[in-house]
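Okay, so here's the structure we're looking at.
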Amino acid sequence: MPTDQLGVAGYSLPLSPTGASSMLTPPPWHFAGDVVMIDYRVDPAAAAAFLPPGLTEGPDPGAAAAVFARWQWCSDSGAELADPGRAQFAEFLVLLGCAHDGRPMARCPYAWVDQPVPLVRGWVQGMPKQLGEIHQTTPFPVGRAGPRLAAGGRFDGTLSVHGRRVVEGTVTLEHRSDSPPPLHTVPLAHTRTFPAWLPTDRAVHRLVCSEVTGVEFSEVWTGRADLRIFDALDADFAALRPVEVGAGHVFSYAETLVGGRALD
């Protein structure tokens, strides 16, 4: 692990003599989770306003997605899996279709999680993660208290921020899909941002993308969807309200995040 001039170590704060107190372990990070995803469209001009230099609108201007996910993660050692409170978190993302040098990508202008470790890990990557309350329907193979992954199953997701409801989504399954939703199959382009702190510092703004391996999709179920984004935050977020709602999808997903790659 990196060690500073005082002899303390760690991949991230807090530093300690051995580095064991660091909030983050170094990558790779392994993830597996259940996803409720809704395709929708935004005003193309509003989407373009969120793209930094280096990214263009891509082949389908205005394409967007709302993603509710419930994750479990671990480092290479797998030690985190023995502590579920540490290894599990919920997340909500907005994705916008875009491109870099003609390659389709997705931009995440807003993201919320419900645990501090994925919050800080997101900032390291350049993901704009904030703290929120995210909930989604849990399927069960028995009983009546949860839907089945089958036609007619209904899956809901909600996001609340500072006690205010911000997003609601619903997917009612109709059929199996031949392929995963497009915005879940392309690289994510982020901006690593670190404000200046010392008088001689310069702020860091660098366009990067995440590098992943070991991608796996379960069977994908698709159906009709509804998505509601409320006027509870600010005008910028409200600009990404749906002008049209497409299909919804429910599936499980896994990947290993191995690091990042510069796009600038």
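Numbering starts fresh at 1 for the residues of each chain in the structure tokens, the chains themselves are lettered A, B, ... in the order given, and ligands are numbered from 1 as they appear.
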**Request:** Report as a ChimeraX atom specification: the residues of range 38-209 of chain A with a DSSP assignment of alpha helix (DSSP H), based on the backbone of this structure.
**Result:** /A:44-48,84-87,116-125
**Request:** Quick one: everything within 10 Å of Val208 in chain A, counting only C-alpha atoms, minus sequence neighbours fewer than 5 positions away in the same chain. Send it as a PyMOL selection string.
**Result:** chain A and resi 125-126+188-192+260-264
Keeping only N, CA and C atoms, take the residues you just selected and write them out as a PDB file, in the first residue's frame.
ATOM      1  N   GLN A 125     -13.431   6.793  -8.197  1.00  0.00           N
ATOM      2  CA  GLN A 125     -13.637   6.512  -9.620  1.00  0.00           C
ATOM      3  C   GLN A 125     -14.043   7.749 -10.414  1.00  0.00           C
ATOM      4  N   GLY A 126     -14.586   8.753  -9.733  1.00  0.00           N
ATOM      5  CA  GLY A 126     -15.167   9.897 -10.411  1.00  0.00           C
ATOM      6  C   GLY A 126     -16.675   9.810 -10.526  1.00  0.00           C
ATOM      7  N   LEU A 188     -18.750   3.136 -18.579  1.00  0.00           N
ATOM      8  CA  LEU A 188     -19.193   4.369 -17.936  1.00  0.00           C
ATOM      9  C   LEU A 188     -18.057   5.393 -17.959  1.00  0.00           C
ATOM     10  N   ALA A 189     -18.390   6.595 -18.409  1.00  0.00           N
ATOM     11  CA  ALA A 189     -17.418   7.688 -18.459  1.00  0.00           C
ATOM     12  C   ALA A 189     -17.650   8.614 -17.271  1.00  0.00           C
ATOM     13  N   HIS A 190     -16.608   8.822 -16.462  1.00  0.00           N
ATOM     14  CA  HIS A 190     -16.697   9.639 -15.261  1.00  0.00           C
ATOM     15  C   HIS A 190     -15.707  10.800 -15.338  1.00  0.00           C
ATOM     16  N   THR A 191     -15.866  11.762 -14.436  1.00  0.00           N
ATOM     17  CA  THR A 191     -14.893  12.832 -14.269  1.00  0.00           C
ATOM     18  C   THR A 191     -14.340  12.773 -12.848  1.00  0.00           C
ATOM     19  N   ARG A 192     -13.052  12.452 -12.735  1.00  0.00           N
ATOM     20  CA  ARG A 192     -12.403  12.465 -11.417  1.00  0.00           C
ATOM     21  C   ARG A 192     -12.160  13.926 -11.046  1.00  0.00           C
ATOM     22  N   GLY A 260      -9.315   2.179 -13.622  1.00  0.00           N
ATOM     23  CA  GLY A 260      -9.809   3.134 -14.583  1.00  0.00           C
ATOM     24  C   GLY A 260      -8.820   3.361 -15.709  1.00  0.00           C
ATOM     25  N   ARG A 261      -9.299   4.059 -16.750  1.00  0.00           N
ATOM     26  CA  ARG A 261      -8.484   4.390 -17.916  1.00  0.00           C
ATOM     27  C   ARG A 261      -8.771   5.824 -18.312  1.00  0.00           C
ATOM     28  N   ALA A 262      -7.732   6.598 -18.585  1.00  0.00           N
ATOM     29  CA  ALA A 262      -7.897   7.999 -18.954  1.00  0.00           C
ATOM     30  C   ALA A 262      -8.509   8.111 -20.342  1.00  0.00           C
ATOM     31  N   LEU A 263      -9.461   9.033 -20.494  1.00  0.00           N
ATOM     32  CA  LEU A 263     -10.066   9.311 -21.789  1.00  0.00           C
ATOM     33  C   LEU A 263      -9.576  10.631 -22.374  1.00  0.00           C
ATOM     34  N   ASP A 264      -8.855  11.415 -21.588  1.00  0.00           N
ATOM     35  CA  ASP A 264      -8.373  12.715 -22.083  1.00  0.00           C
ATOM     36  C   ASP A 264      -6.920  12.625 -22.478  1.00  0.00           C
TER      37      ASP A 264
END
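Between CA of Ser177 in chain A and CA of Val250 in chain A the interatomic distance comes to 9.9 Å.
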**Item:** Non-local contacts of Ser21 in chain A (12 Å; only C-alpha atoms; under 3 positions in same chain excluded) as a PyMOL selection string
**Value:** chain A and resi 1+8-18+24-25
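For the choices A:Ala239, A:Ala20, A:Met127, A:Ile134, the atom-to-atom distance to Phe194 in chain A is smallest for A:Met127 when using only C-alpha atoms.
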**Message:** List the spatial neighbours of range 82-89 of chain A as a count of residues only - criterion: any atom at most 8 Å away, only C-alpha atoms, same-chain residues fewer than 3 positions off excluded.
**Reply:** 11
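When only C-alpha atoms are used to measure the gap to Gly157 in chain A, the shortest distance among A:Arg176, A:Arg206, A:His184, A:His135 belongs to A:His135.
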**Asked** Tell me, which residues of range 53-214 of chain A carry DSSP strand (DSSP E or B), written as a ChimeraX atom specification?
**Response** /A:56,63-74,88-100,103-113,129-131,133-136,154-161,164-176,188-194,204-214
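CA of Pro187 in chain A to CA of Arg107 in chain A spans 8.7 Å [interatomic distance, one decimal].
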**Non-local contacts of Val258 in chain A (6 Å; only C-alpha atoms; under 6 positions in same chain excluded) as JSON, numbers by chain** = {"A": [27, 28, 211, 212]}
Residue subset to file, keeping N, CA and C atoms, as an mmCIF file, in the first residue's frame:
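Saved to out.cif:
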data_model
loop_
_atom_site.group_PDB
_atom_site.id
_atom_site.type_symbol
_atom_site.label_atom_id
_atom_site.label_comp_id
_atom_site.auth_asym_id
_atom_site.auth_seq_id
_atom_site.Cartn_x
_atom_site.Cartn_y
_atom_site.Cartn_z
ATOM 1 N N PRO A 27 -8.383 -1.915 -5.519
ATOM 2 C CA PRO A 27 -9.010 -2.828 -6.473
ATOM 3 C C PRO A 27 -8.066 -3.981 -6.793
ATOM 4 N N PRO A 28 -8.632 -5.088 -7.307
ATOM 5 C CA PRO A 28 -9.976 -5.231 -7.871
ATOM 6 C C PRO A 28 -11.059 -5.361 -6.804
ATOM 7 N N GLU A 211 -12.769 0.273 -16.009
ATOM 8 C CA GLU A 211 -12.361 -0.955 -16.673
ATOM 9 C C GLU A 211 -12.873 -2.138 -15.860
ATOM 10 N N VAL A 212 -13.680 -2.997 -16.496
ATOM 11 C CA VAL A 212 -14.271 -4.127 -15.783
ATOM 12 C C VAL A 212 -13.971 -5.430 -16.520
#
**Message:** What's around Leu173 in chain A at 8 Å? Count only C-alpha atoms, leave out sequence neighbours fewer than 6 positions away in its own chain, and write the answer as number ranges by chain.
**Reply:** A: 149-154, 221-224, 248-250
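Proximity of A:Asp156, A:Val220, A:Val67, A:Phe140 to Asp178 in chain A, computed with only C-alpha atoms, is greatest for A:Val220.
Taking only C-alpha atoms, the non-local environment of Gly246 in chain A within 10 Å (same-chain residues fewer than 5 positions away omitted) comprises Ile38, Asp39, Tyr40, Arg41, Ala63, Ala64, Ala65, Gly223, Arg224, Ala225, Asp226 and Leu227 of chain A.
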Output file for the residues above (C-alpha atoms, as a compact mmCIF listing (two decimals), in the first residue's frame):
# COMPACT_ATOMS: atom_id res chain seq x y z
CA ILE A 38 -36.03 1.47 -16.64
CA ASP A 39 -35.23 2.84 -20.10
CA TYR A 40 -36.48 6.34 -20.75
CA ARG A 41 -35.83 9.44 -22.80
CA ALA A 63 -31.39 7.94 -24.35
CA ALA A 64 -31.40 7.50 -20.56
CA ALA A 65 -31.97 4.91 -17.88
CA GLY A 223 -41.93 -5.53 -19.38
CA ARG A 224 -43.83 -2.27 -19.24
CA ALA A 225 -42.55 0.42 -16.92
CA ASP A 226 -43.45 3.66 -15.20
CA LEU A 227 -40.96 6.25 -13.92
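Comparing the minimum interatomic distances between Pro182 in chain A and each of A:Asp101, A:Asp43, A:Asp60, A:Asp34, counting only C-alpha atoms, we find that A:Asp60 sits nearest.
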